$ cat start37.cif   # mmCIF, C-alpha atoms
data_run
loop_
_atom_site.label_atom_id
_atom_site.label_comp_id
_atom_site.auth_asym_id
_atom_site.auth_seq_id
_atom_site.Cartn_x
_atom_site.Cartn_y
_atom_site.Cartn_z
CA MET A 1 -6.57 -0.93 10.57
CA ARG A 2 -4.03 -2.34 13.01
CA ARG A 3 -0.86 -0.32 13.44
CA ALA A 4 1.31 -3.32 12.50
CA ASP A 5 -0.57 -3.64 9.20
CA ARG A 6 -0.17 0.08 8.56
CA LEU A 7 3.60 -0.03 9.13
CA PHE A 8 3.92 -2.94 6.74
CA LEU A 9 1.89 -1.10 4.07
CA ILE A 10 4.09 2.00 4.42
CA ILE A 11 7.24 -0.08 3.81
CA ASN A 12 5.55 -1.89 0.93
CA ALA A 13 4.52 1.43 -0.67
CA LEU A 14 8.10 2.75 -0.50
CA GLN A 15 9.83 -0.33 -1.88
CA GLY A 16 11.08 0.01 -5.44
CA ARG A 17 10.31 3.73 -5.75
CA ARG A 18 12.80 6.08 -7.46
CA THR A 19 11.10 9.28 -6.30
CA ALA A 20 9.90 10.35 -2.88
CA LEU A 21 6.34 9.45 -1.93
CA PRO A 22 4.52 12.40 -0.33
CA ALA A 23 3.22 11.83 3.18
CA ARG A 24 -0.17 13.22 2.11
CA ARG A 25 -0.53 10.44 -0.45
CA LEU A 26 0.29 7.82 2.16
CA ALA A 27 -2.20 9.35 4.58
CA ASP A 28 -4.97 9.43 1.97
CA SER A 29 -4.39 5.84 0.83
CA LEU A 30 -4.31 4.50 4.40
CA GLY A 31 -7.16 6.66 5.65
CA VAL A 32 -5.19 8.26 8.49
CA SER A 33 -3.94 11.73 9.39
CA LEU A 34 -0.65 13.28 8.32
CA ARG A 35 0.40 13.31 11.95
CA THR A 36 -0.07 9.54 12.11
CA ILE A 37 2.10 9.05 9.02
CA TYR A 38 4.85 11.27 10.45
CA ARG A 39 4.80 9.32 13.71
CA ASP A 40 4.79 5.92 11.97
CA VAL A 41 7.69 6.84 9.69
CA SER A 42 9.66 8.20 12.64
CA ASP A 43 9.07 4.94 14.54
CA LEU A 44 10.19 2.88 11.53
CA GLN A 45 13.35 4.99 11.18
CA THR A 46 14.10 4.58 14.88
CA SER A 47 13.71 0.79 14.56
CA GLY A 48 16.32 0.72 11.79
CA VAL A 49 14.27 0.82 8.58
CA PRO A 50 16.39 2.96 6.15
CA ILE A 51 13.71 5.50 5.18
CA GLU A 52 14.98 8.85 3.91
CA GLY A 53 13.10 12.11 3.55
CA GLU A 54 11.13 14.44 5.77
CA ALA A 55 7.73 15.98 6.34
CA GLY A 56 6.66 18.20 3.44
CA VAL A 57 9.10 16.55 1.03
CA GLY A 58 8.24 12.87 1.00
CA TYR A 59 9.86 9.55 1.79
CA LEU A 60 11.73 6.78 0.03
CA LEU A 61 13.89 3.83 0.99
CA ARG A 62 17.63 4.40 0.85
CA LYS A 63 19.07 3.28 -2.49
CA GLY A 64 20.29 -0.31 -2.41
CA SER A 65 18.26 -1.15 0.67
CA ASP A 66 16.82 -4.66 0.75
CA ILE A 67 14.05 -4.82 3.30
CA PRO A 68 12.85 -8.42 3.80
CA PRO A 69 9.06 -8.34 3.40
CA LEU A 70 7.35 -8.45 6.79
CA MET A 71 10.85 -8.45 8.38
CA PHE A 72 10.53 -11.97 9.81
CA THR A 73 13.53 -13.90 11.07
CA ALA A 74 14.00 -17.53 10.04
CA GLU A 75 12.88 -18.65 13.52
CA GLU A 76 9.74 -16.48 13.35
CA LEU A 77 8.85 -17.92 9.95
CA GLU A 78 9.31 -21.47 11.15
CA ALA A 79 7.04 -20.70 14.11
CA LEU A 80 4.37 -19.48 11.69
CA VAL A 81 4.72 -22.58 9.52
CA VAL A 82 4.50 -24.95 12.48
CA GLY A 83 1.61 -22.98 13.97
CA THR A 84 -0.23 -23.22 10.67
CA ARG A 85 0.27 -26.99 10.64
CA PHE A 86 -1.26 -27.27 14.11
CA VAL A 87 -4.20 -25.06 13.17
CA ARG A 88 -4.88 -27.06 10.00
CA ALA A 89 -4.79 -30.33 11.95
CA PHE A 90 -6.72 -29.39 15.08
CA ALA A 91 -8.72 -26.18 14.77
CA GLY A 92 -11.49 -27.04 12.31
CA GLU A 93 -12.11 -25.99 8.73
CA ARG A 94 -12.78 -22.31 9.45
CA LEU A 95 -9.41 -21.55 11.04
CA ALA A 96 -7.60 -24.03 8.78
CA ARG A 97 -8.69 -22.05 5.72
CA GLY A 98 -7.64 -18.81 7.39
CA ALA A 99 -4.23 -20.19 8.36
CA GLN A 100 -3.61 -21.54 4.88
CA ALA A 101 -4.62 -18.24 3.25
CA ALA A 102 -2.35 -16.28 5.60
CA MET A 103 0.63 -18.51 4.80
CA LEU A 104 0.00 -18.14 1.05
CA LYS A 105 0.12 -14.35 1.42
CA ILE A 106 3.31 -14.53 3.48
CA ASP A 107 4.91 -17.03 1.10
CA ALA A 108 4.15 -14.80 -1.90
CA VAL A 109 6.38 -12.00 -0.62
CA LEU A 110 9.18 -13.97 1.03
CA PRO A 111 12.72 -13.97 -0.35
CA ALA A 112 13.59 -17.41 -1.76
CA ASP A 113 16.15 -18.25 0.95
CA LEU A 114 13.74 -17.54 3.81
CA ARG A 115 10.92 -19.40 2.05
CA GLY A 116 13.11 -22.46 1.70
CA ARG A 117 14.22 -22.43 5.33
CA ALA A 118 10.63 -22.15 6.56
CA GLU A 119 9.45 -25.00 4.35
CA ARG A 120 12.21 -27.29 5.66
CA SER A 121 10.91 -27.23 9.23
CA ARG A 122 11.05 -30.73 10.76
CA VAL A 123 8.19 -30.16 13.19
CA PHE A 124 5.20 -31.99 11.71
CA VAL A 125 1.55 -32.42 12.66
CA PRO A 126 -0.58 -35.24 11.15
CA GLN A 127 -3.05 -33.73 8.68
CA ARG A 128 -6.74 -34.00 9.59
CA TRP A 129 -5.93 -35.58 12.96
CA TYR A 130 -9.15 -34.08 14.30
CA GLU A 131 -11.18 -34.14 11.09
CA ALA A 132 -14.08 -36.18 12.51
CA LYS A 133 -14.90 -33.44 15.02
CA SER A 134 -13.87 -30.36 13.03
CA GLY A 135 -17.49 -29.51 12.23
CA ALA A 136 -18.33 -29.20 15.92
CA VAL A 137 -15.26 -27.03 16.50
CA ASP A 138 -16.29 -24.72 13.66
CA ALA A 139 -19.86 -24.40 14.91
CA LEU A 140 -18.78 -23.76 18.51
CA HIS A 141 -16.19 -21.23 17.39
CA GLU A 142 -18.89 -19.36 15.47
CA ALA A 143 -21.25 -19.46 18.47
CA ILE A 144 -18.53 -18.03 20.72
CA SER A 145 -17.80 -15.21 18.26
CA ALA A 146 -21.49 -14.35 17.90
CA HIS A 147 -22.31 -14.74 21.65
CA ARG A 148 -25.05 -17.27 20.91
CA VAL A 149 -26.69 -19.12 23.80
CA LEU A 150 -26.57 -22.87 23.17
CA SER A 151 -28.94 -25.59 24.24
CA ILE A 152 -26.94 -28.76 24.82
CA VAL A 153 -27.56 -32.38 25.68
CA TYR A 154 -24.44 -33.45 27.53
CA ARG A 155 -23.24 -36.94 28.41
CA ASP A 156 -20.79 -37.06 31.32
CA GLU A 157 -17.98 -39.56 31.82
CA ALA A 158 -20.38 -42.08 33.36
CA GLY A 159 -22.77 -41.75 30.40
CA LYS A 160 -25.44 -39.79 32.30
CA GLU A 161 -27.21 -37.21 30.15
CA SER A 162 -28.36 -33.73 31.12
CA THR A 163 -29.92 -30.84 29.19
CA ARG A 164 -28.62 -27.33 29.77
CA GLU A 165 -28.37 -23.85 28.37
CA VAL A 166 -24.87 -22.42 28.25
CA GLU A 167 -23.13 -19.18 27.28
CA PRO A 168 -20.01 -20.31 25.32
CA LEU A 169 -16.84 -18.37 26.11
CA CYS A 170 -13.80 -20.17 24.70
CA LEU A 171 -12.38 -23.37 23.23
CA ALA A 172 -9.25 -25.16 24.42
CA CYS A 173 -7.41 -28.05 22.84
CA TRP A 174 -5.75 -30.66 25.08
CA GLY A 175 -3.99 -32.85 22.55
CA HIS A 176 -6.73 -35.16 21.26
CA VAL A 177 -9.51 -33.53 23.27
CA TRP A 178 -11.27 -30.18 22.90
CA THR A 179 -13.17 -28.52 25.73
CA LEU A 180 -15.71 -25.73 25.64
CA GLY A 181 -15.50 -23.23 28.50
CA ALA A 182 -18.93 -21.78 29.26
CA TRP A 183 -21.27 -20.30 31.82
CA CYS A 184 -23.84 -22.97 32.68
CA ARG A 185 -27.21 -21.46 33.46
CA MET A 186 -28.44 -24.61 35.19
CA ARG A 187 -25.46 -24.78 37.58
CA ARG A 188 -25.10 -20.98 37.71
CA ASP A 189 -21.36 -21.45 37.46
CA PHE A 190 -18.58 -22.01 34.94
CA ARG A 191 -18.24 -25.47 33.44
CA ASN A 192 -16.13 -27.26 30.85
CA PHE A 193 -17.79 -29.51 28.25
CA ARG A 194 -16.28 -31.89 25.73
CA PRO A 195 -17.75 -31.36 22.23
CA ASP A 196 -17.48 -35.09 21.49
CA ARG A 197 -19.91 -35.77 24.36
CA MET A 198 -22.53 -33.20 23.46
CA GLN A 199 -25.26 -32.36 21.00
CA PHE A 200 -26.01 -28.68 20.71
CA ALA A 201 -28.09 -26.10 18.89
CA ALA A 202 -28.41 -22.33 19.05
CA THR A 203 -31.46 -21.09 20.95
CA GLY A 204 -31.67 -17.86 18.99
CA GLU A 205 -30.80 -15.81 22.08
CA ILE A 206 -27.73 -13.56 22.17
CA PHE A 207 -25.98 -13.10 25.51
CA ALA A 208 -23.80 -10.25 26.72
CA GLU A 209 -20.61 -11.02 28.62
CA THR A 210 -20.46 -9.43 32.05
CA GLN A 211 -17.65 -8.97 34.52
CA GLU A 212 -18.98 -11.87 36.58
CA ARG A 213 -19.78 -14.20 33.67
CA GLY A 214 -17.29 -13.28 30.93
CA LEU A 215 -14.02 -14.75 29.69
CA ASP A 216 -11.81 -13.04 32.27
CA ALA A 217 -13.98 -14.37 35.08
CA TYR A 218 -13.89 -17.86 33.55
CA LEU A 219 -10.09 -17.80 33.33
CA ALA A 220 -9.80 -16.57 36.91
CA HIS A 221 -12.18 -19.34 38.02
CA SER A 222 -9.99 -21.87 36.16
CA GLY A 223 -6.81 -20.52 37.72
CA VAL A 224 -5.32 -19.46 34.39
CA PRO A 225 -3.94 -15.89 34.26
CA ARG A 226 -5.01 -14.33 30.97
CA GLN A 227 -1.50 -13.13 30.12
CA ARG A 228 -0.32 -16.76 30.01
CA ILE A 229 -2.59 -17.57 27.04
CA GLU A 230 -2.02 -14.45 24.94
#

$ encode --input "start37.cif" --output "structure tokens"
Amino acid sequence: MRRADRLFLIINALQGRRTALPARRLADSLGVSLRTIYRDVSDLQTSGVPIEGEAGVGYLLRKGSDIPPLMFTAEELEALVVGTRFVRAFAGERLARGAQAAMLKIDAVLPADLRGRAERSRVFVPQRWYEAKSGAVDALHEAISAHRVLSIVYRDEAGKESTREVEPLCLACWGHVWTLGAWCRMRRDFRNFRPDRMQFAATGEIFAETQERGLDAYLAHSGVPRQRIE
């Protein structure tokens, strides 16, 4: 479990309680050690979350405290809403479903005033802008995640076709155009391919990323520092 998820669950477990919740119970429910719970609670207290109590006694939120679920600001919520709109429009069915499910979970626990402000965002993205090619995006995304070698028939800008085997590494969206970043076995180098110009199928082979042929090497080859895309 990610630490951010664990901190959220600790706050959620303490909300609305009238009696202190023992650290041991928190540790057992989250599957972590007592030491981890003590450290997490201390970090939350340091960051301003009004948790009272101590090790060996238990914890509860200070009476009258109103902790906004997830502790998002209005600007952060709007960023999530707008990001979800982009994902639903451009990133294929797989990520669109995930984005929509995530927003439903967030919306379910938001205070009414924050929910309203997020919904009133005036940054819009046309729905299903990329619907015709969303199937290819989904399939390529799955191949990247599973490290599947792909056999492709690719048509370049001049219409010339070539057949290749590639190791897919990442997808990038450039407005109306997606590109697949991959290691091309025929060229023995990194190449970018447009999904709308290719037919592809999995070969059944699984590849392992290496230092010379993995994502970091591809980004370095493309002149894009990794920290700029994270």

$ residues_near_point --input "start37.cif" --point "(4.3, -3.2, 11.4)" --cutoff "12 Å" --atoms "only C-alpha atoms" --output "ChimeraX atom specification"
/A:1-12,40-41,43-44,47,49,69-72

$ write_last_selection --input "start37.cif" --atoms "C-alpha atoms" --output "PDB file, keeping the file's coordinate frame"
ATOM      1  CA  MET A   1      -6.570  -0.930  10.570  1.00  0.00           C
ATOM      2  CA  ARG A   2      -4.030  -2.340  13.010  1.00  0.00           C
ATOM      3  CA  ARG A   3      -0.860  -0.320  13.440  1.00  0.00           C
ATOM      4  CA  ALA A   4       1.310  -3.320  12.500  1.00  0.00           C
ATOM      5  CA  ASP A   5      -0.570  -3.640   9.200  1.00  0.00           C
ATOM      6  CA  ARG A   6      -0.170   0.080   8.560  1.00  0.00           C
ATOM      7  CA  LEU A   7       3.600  -0.030   9.130  1.00  0.00           C
ATOM      8  CA  PHE A   8       3.920  -2.940   6.740  1.00  0.00           C
ATOM      9  CA  LEU A   9       1.890  -1.100   4.070  1.00  0.00           C
ATOM     10  CA  ILE A  10       4.090   2.000   4.420  1.00  0.00           C
ATOM     11  CA  ILE A  11       7.240  -0.080   3.810  1.00  0.00           C
ATOM     12  CA  ASN A  12       5.550  -1.890   0.930  1.00  0.00           C
ATOM     13  CA  ASP A  40       4.790   5.920  11.970  1.00  0.00           C
ATOM     14  CA  VAL A  41       7.690   6.840   9.690  1.00  0.00           C
ATOM     15  CA  ASP A  43       9.070   4.940  14.540  1.00  0.00           C
ATOM     16  CA  LEU A  44      10.190   2.880  11.530  1.00  0.00           C
ATOM     17  CA  SER A  47      13.710   0.790  14.560  1.00  0.00           C
ATOM     18  CA  VAL A  49      14.270   0.820   8.580  1.00  0.00           C
ATOM     19  CA  PRO A  69       9.060  -8.340   3.400  1.00  0.00           C
ATOM     20  CA  LEU A  70       7.350  -8.450   6.790  1.00  0.00           C
ATOM     21  CA  MET A  71      10.850  -8.450   8.380  1.00  0.00           C
ATOM     22  CA  PHE A  72      10.530 -11.970   9.810  1.00  0.00           C
TER      23      PHE A  72
END

$ resolve_selection --input "start37.cif" --expression "the PyMOL selection byres ((chain A and resi 96) around 12)" --output "VMD selection string"
chain A and resid 83 to 95 97 to 103 127 to 128 130 to 131 134 to 135 137 to 138

$ write_last_selection --input "start37.cif" --atoms "C-alpha atoms" --output "short mmCIF file (atom, residue, chain, number, x, y, z; two decimals), keeping the file's coordinate frame"
data_model
loop_
_atom_site.label_atom_id
_atom_site.label_comp_id
_atom_site.auth_asym_id
_atom_site.auth_seq_id
_atom_site.Cartn_x
_atom_site.Cartn_y
_atom_site.Cartn_z
CA GLY A 83 1.61 -22.98 13.97
CA THR A 84 -0.23 -23.22 10.67
CA ARG A 85 0.27 -26.99 10.64
CA PHE A 86 -1.26 -27.27 14.11
CA VAL A 87 -4.20 -25.06 13.17
CA ARG A 88 -4.88 -27.06 10.00
CA ALA A 89 -4.79 -30.33 11.95
CA PHE A 90 -6.72 -29.39 15.08
CA ALA A 91 -8.72 -26.18 14.77
CA GLY A 92 -11.49 -27.04 12.31
CA GLU A 93 -12.11 -25.99 8.73
CA ARG A 94 -12.78 -22.31 9.45
CA LEU A 95 -9.41 -21.55 11.04
CA ARG A 97 -8.69 -22.05 5.72
CA GLY A 98 -7.64 -18.81 7.39
CA ALA A 99 -4.23 -20.19 8.36
CA GLN A 100 -3.61 -21.54 4.88
CA ALA A 101 -4.62 -18.24 3.25
CA ALA A 102 -2.35 -16.28 5.60
CA MET A 103 0.63 -18.51 4.80
CA GLN A 127 -3.05 -33.73 8.68
CA ARG A 128 -6.74 -34.00 9.59
CA TYR A 130 -9.15 -34.08 14.30
CA GLU A 131 -11.18 -34.14 11.09
CA SER A 134 -13.87 -30.36 13.03
CA GLY A 135 -17.49 -29.51 12.23
CA VAL A 137 -15.26 -27.03 16.50
CA ASP A 138 -16.29 -24.72 13.66
#

$ atom_distance --input "start37.cif" --atom1 "atom CA of A:Glu76" --atom2 "atom CA of A:Arg120"
13.5 Å

$ residues_around --input "start37.cif" --residues "stretch 147-152 of chain A" --least-positions-apart "3" --cutoff "12 Å" --atoms "only C-alpha atoms" --output "ChimeraX atom specification"
/A:139-144,155,161-170,180,182-186,193-210,214-215

$ residues_near_point --input "start37.cif" --point "(11.2, 3.9, -4.2)" --cutoff "12 Å" --atoms "all atoms listed in the file" --output "MDAnalysis selection string"
chainID A and resid 10:22 50:53 58:67

$ atom_distance --input "start37.cif" --atom1 "atom CA of A:Gly181" --atom2 "atom CA of A:Leu219"
9.1 Å

$ resolve_selection --input "start37.cif" --expression "the PyMOL selection byres ((chain A and resi 23-26) around 9)" --output "list in words"
Ile10, Ala13, Leu21, Pro22, Ala27, Asp28, Ser29, Leu30, Gly31, Val32, Ser33, Leu34, Ile37, Tyr38, Glu54, Ala55, Gly56, Val57, Gly58 and Tyr59 of chain A

$ atom_distance --input "start37.cif" --atom1 "atom CA of A:Leu77" --atom2 "atom CA of A:Ile106"
9.2 Å

$ closest_residue --input "start37.cif" --among "A:Glu78, A:Ser42, A:Asp189, A:Tyr154" --to "A:Ser121" --atoms "only C-alpha atoms"
A:Glu78

$ build_atoms --input "start37.cif" --residues "stretch 14-46 of chain A" --atoms "N, CA and C atoms" --output "mmCIF file, keeping the file's coordinate frame"
data_model
loop_
_atom_site.group_PDB
_atom_site.id
_atom_site.type_symbol
_atom_site.label_atom_id
_atom_site.label_comp_id
_atom_site.auth_asym_id
_atom_site.auth_seq_id
_atom_site.Cartn_x
_atom_site.Cartn_y
_atom_site.Cartn_z
ATOM 1 N N LEU A 14 6.828 2.089 -0.212
ATOM 2 C CA LEU A 14 8.100 2.750 -0.500
ATOM 3 C C LEU A 14 9.068 1.876 -1.282
ATOM 4 N N GLN A 15 8.892 0.575 -1.209
ATOM 5 C CA GLN A 15 9.830 -0.330 -1.880
ATOM 6 C C GLN A 15 9.793 -0.147 -3.393
ATOM 7 N N GLY A 16 10.976 -0.063 -3.984
ATOM 8 C CA GLY A 16 11.080 0.010 -5.440
ATOM 9 C C GLY A 16 10.860 1.384 -6.039
ATOM 10 N N ARG A 17 10.552 2.388 -5.228
ATOM 11 C CA ARG A 17 10.310 3.730 -5.750
ATOM 12 C C ARG A 17 11.627 4.458 -6.036
ATOM 13 N N ARG A 18 11.629 5.272 -7.126
ATOM 14 C CA ARG A 18 12.800 6.080 -7.460
ATOM 15 C C ARG A 18 12.601 7.533 -7.023
ATOM 16 N N THR A 19 11.374 7.913 -6.751
ATOM 17 C CA THR A 19 11.100 9.280 -6.300
ATOM 18 C C THR A 19 10.386 9.212 -4.948
ATOM 19 N N ALA A 20 10.497 10.308 -4.211
ATOM 20 C CA ALA A 20 9.900 10.350 -2.880
ATOM 21 C C ALA A 20 8.377 10.281 -2.951
ATOM 22 N N LEU A 21 7.802 9.564 -2.021
ATOM 23 C CA LEU A 21 6.340 9.450 -1.930
ATOM 24 C C LEU A 21 5.849 10.448 -0.886
ATOM 25 N N PRO A 22 4.994 11.390 -1.277
ATOM 26 C CA PRO A 22 4.520 12.400 -0.330
ATOM 27 C C PRO A 22 3.736 11.768 0.826
ATOM 28 N N ALA A 23 3.928 12.328 2.007
ATOM 29 C CA ALA A 23 3.220 11.830 3.180
ATOM 30 C C ALA A 23 1.708 11.959 3.004
ATOM 31 N N ARG A 24 1.268 13.024 2.328
ATOM 32 C CA ARG A 24 -0.170 13.220 2.110
ATOM 33 C C ARG A 24 -0.770 12.069 1.323
ATOM 34 N N ARG A 25 -0.021 11.558 0.325
ATOM 35 C CA ARG A 25 -0.530 10.440 -0.450
ATOM 36 C C ARG A 25 -0.634 9.178 0.401
ATOM 37 N N LEU A 26 0.354 8.956 1.249
ATOM 38 C CA LEU A 26 0.290 7.820 2.160
ATOM 39 C C LEU A 26 -0.898 7.938 3.095
ATOM 40 N N ALA A 27 -1.095 9.139 3.638
ATOM 41 C CA ALA A 27 -2.200 9.350 4.580
ATOM 42 C C ALA A 27 -3.545 9.104 3.906
ATOM 43 N N ASP A 28 -3.696 9.604 2.679
ATOM 44 C CA ASP A 28 -4.970 9.430 1.970
ATOM 45 C C ASP A 28 -5.226 7.963 1.654
ATOM 46 N N SER A 29 -4.197 7.245 1.214
ATOM 47 C CA SER A 29 -4.390 5.840 0.830
ATOM 48 C C SER A 29 -4.663 4.948 2.028
ATOM 49 N N LEU A 30 -4.120 5.310 3.198
ATOM 50 C CA LEU A 30 -4.310 4.500 4.400
ATOM 51 C C LEU A 30 -5.465 4.989 5.261
ATOM 52 N N GLY A 31 -6.029 6.141 4.908
ATOM 53 C CA GLY A 31 -7.160 6.660 5.650
ATOM 54 C C GLY A 31 -6.814 7.149 7.041
ATOM 55 N N VAL A 32 -5.617 7.746 7.192
ATOM 56 C CA VAL A 32 -5.190 8.260 8.490
ATOM 57 C C VAL A 32 -4.721 9.703 8.327
ATOM 58 N N SER A 33 -4.381 10.338 9.427
ATOM 59 C CA SER A 33 -3.940 11.730 9.390
ATOM 60 C C SER A 33 -2.473 11.832 9.018
ATOM 61 N N LEU A 34 -2.066 13.042 8.591
ATOM 62 C CA LEU A 34 -0.650 13.280 8.320
ATOM 63 C C LEU A 34 0.191 13.053 9.562
ATOM 64 N N ARG A 35 -0.338 13.475 10.694
ATOM 65 C CA ARG A 35 0.400 13.310 11.950
ATOM 66 C C ARG A 35 0.690 11.843 12.222
ATOM 67 N N THR A 36 -0.271 10.974 11.908
ATOM 68 C CA THR A 36 -0.070 9.540 12.110
ATOM 69 C C THR A 36 1.047 9.022 11.206
ATOM 70 N N ILE A 37 1.055 9.476 9.948
ATOM 71 C CA ILE A 37 2.100 9.050 9.020
ATOM 72 C C ILE A 37 3.471 9.510 9.509
ATOM 73 N N TYR A 38 3.575 10.765 9.949
ATOM 74 C CA TYR A 38 4.850 11.270 10.450
ATOM 75 C C TYR A 38 5.342 10.433 11.636
ATOM 76 N N ARG A 39 4.415 10.103 12.540
ATOM 77 C CA ARG A 39 4.800 9.320 13.710
ATOM 78 C C ARG A 39 5.216 7.902 13.317
ATOM 79 N N ASP A 40 4.463 7.287 12.394
ATOM 80 C CA ASP A 40 4.790 5.920 11.970
ATOM 81 C C ASP A 40 6.151 5.868 11.282
ATOM 82 N N VAL A 41 6.413 6.822 10.399
ATOM 83 C CA VAL A 41 7.690 6.840 9.690
ATOM 84 C C VAL A 41 8.832 7.061 10.672
ATOM 85 N N SER A 42 8.635 7.953 11.629
ATOM 86 C CA SER A 42 9.660 8.200 12.640
ATOM 87 C C SER A 42 9.948 6.928 13.436
ATOM 88 N N ASP A 43 8.895 6.189 13.792
ATOM 89 C CA ASP A 43 9.070 4.940 14.540
ATOM 90 C C ASP A 43 9.818 3.903 13.704
ATOM 91 N N LEU A 44 9.501 3.826 12.404
ATOM 92 C CA LEU A 44 10.190 2.880 11.530
ATOM 93 C C LEU A 44 11.669 3.248 11.411
ATOM 94 N N GLN A 45 11.958 4.549 11.269
ATOM 95 C CA GLN A 45 13.350 4.990 11.180
ATOM 96 C C GLN A 45 14.110 4.654 12.461
ATOM 97 N N THR A 46 13.460 4.871 13.598
ATOM 98 C CA THR A 46 14.100 4.580 14.880
ATOM 99 C C THR A 46 14.395 3.087 15.028
#
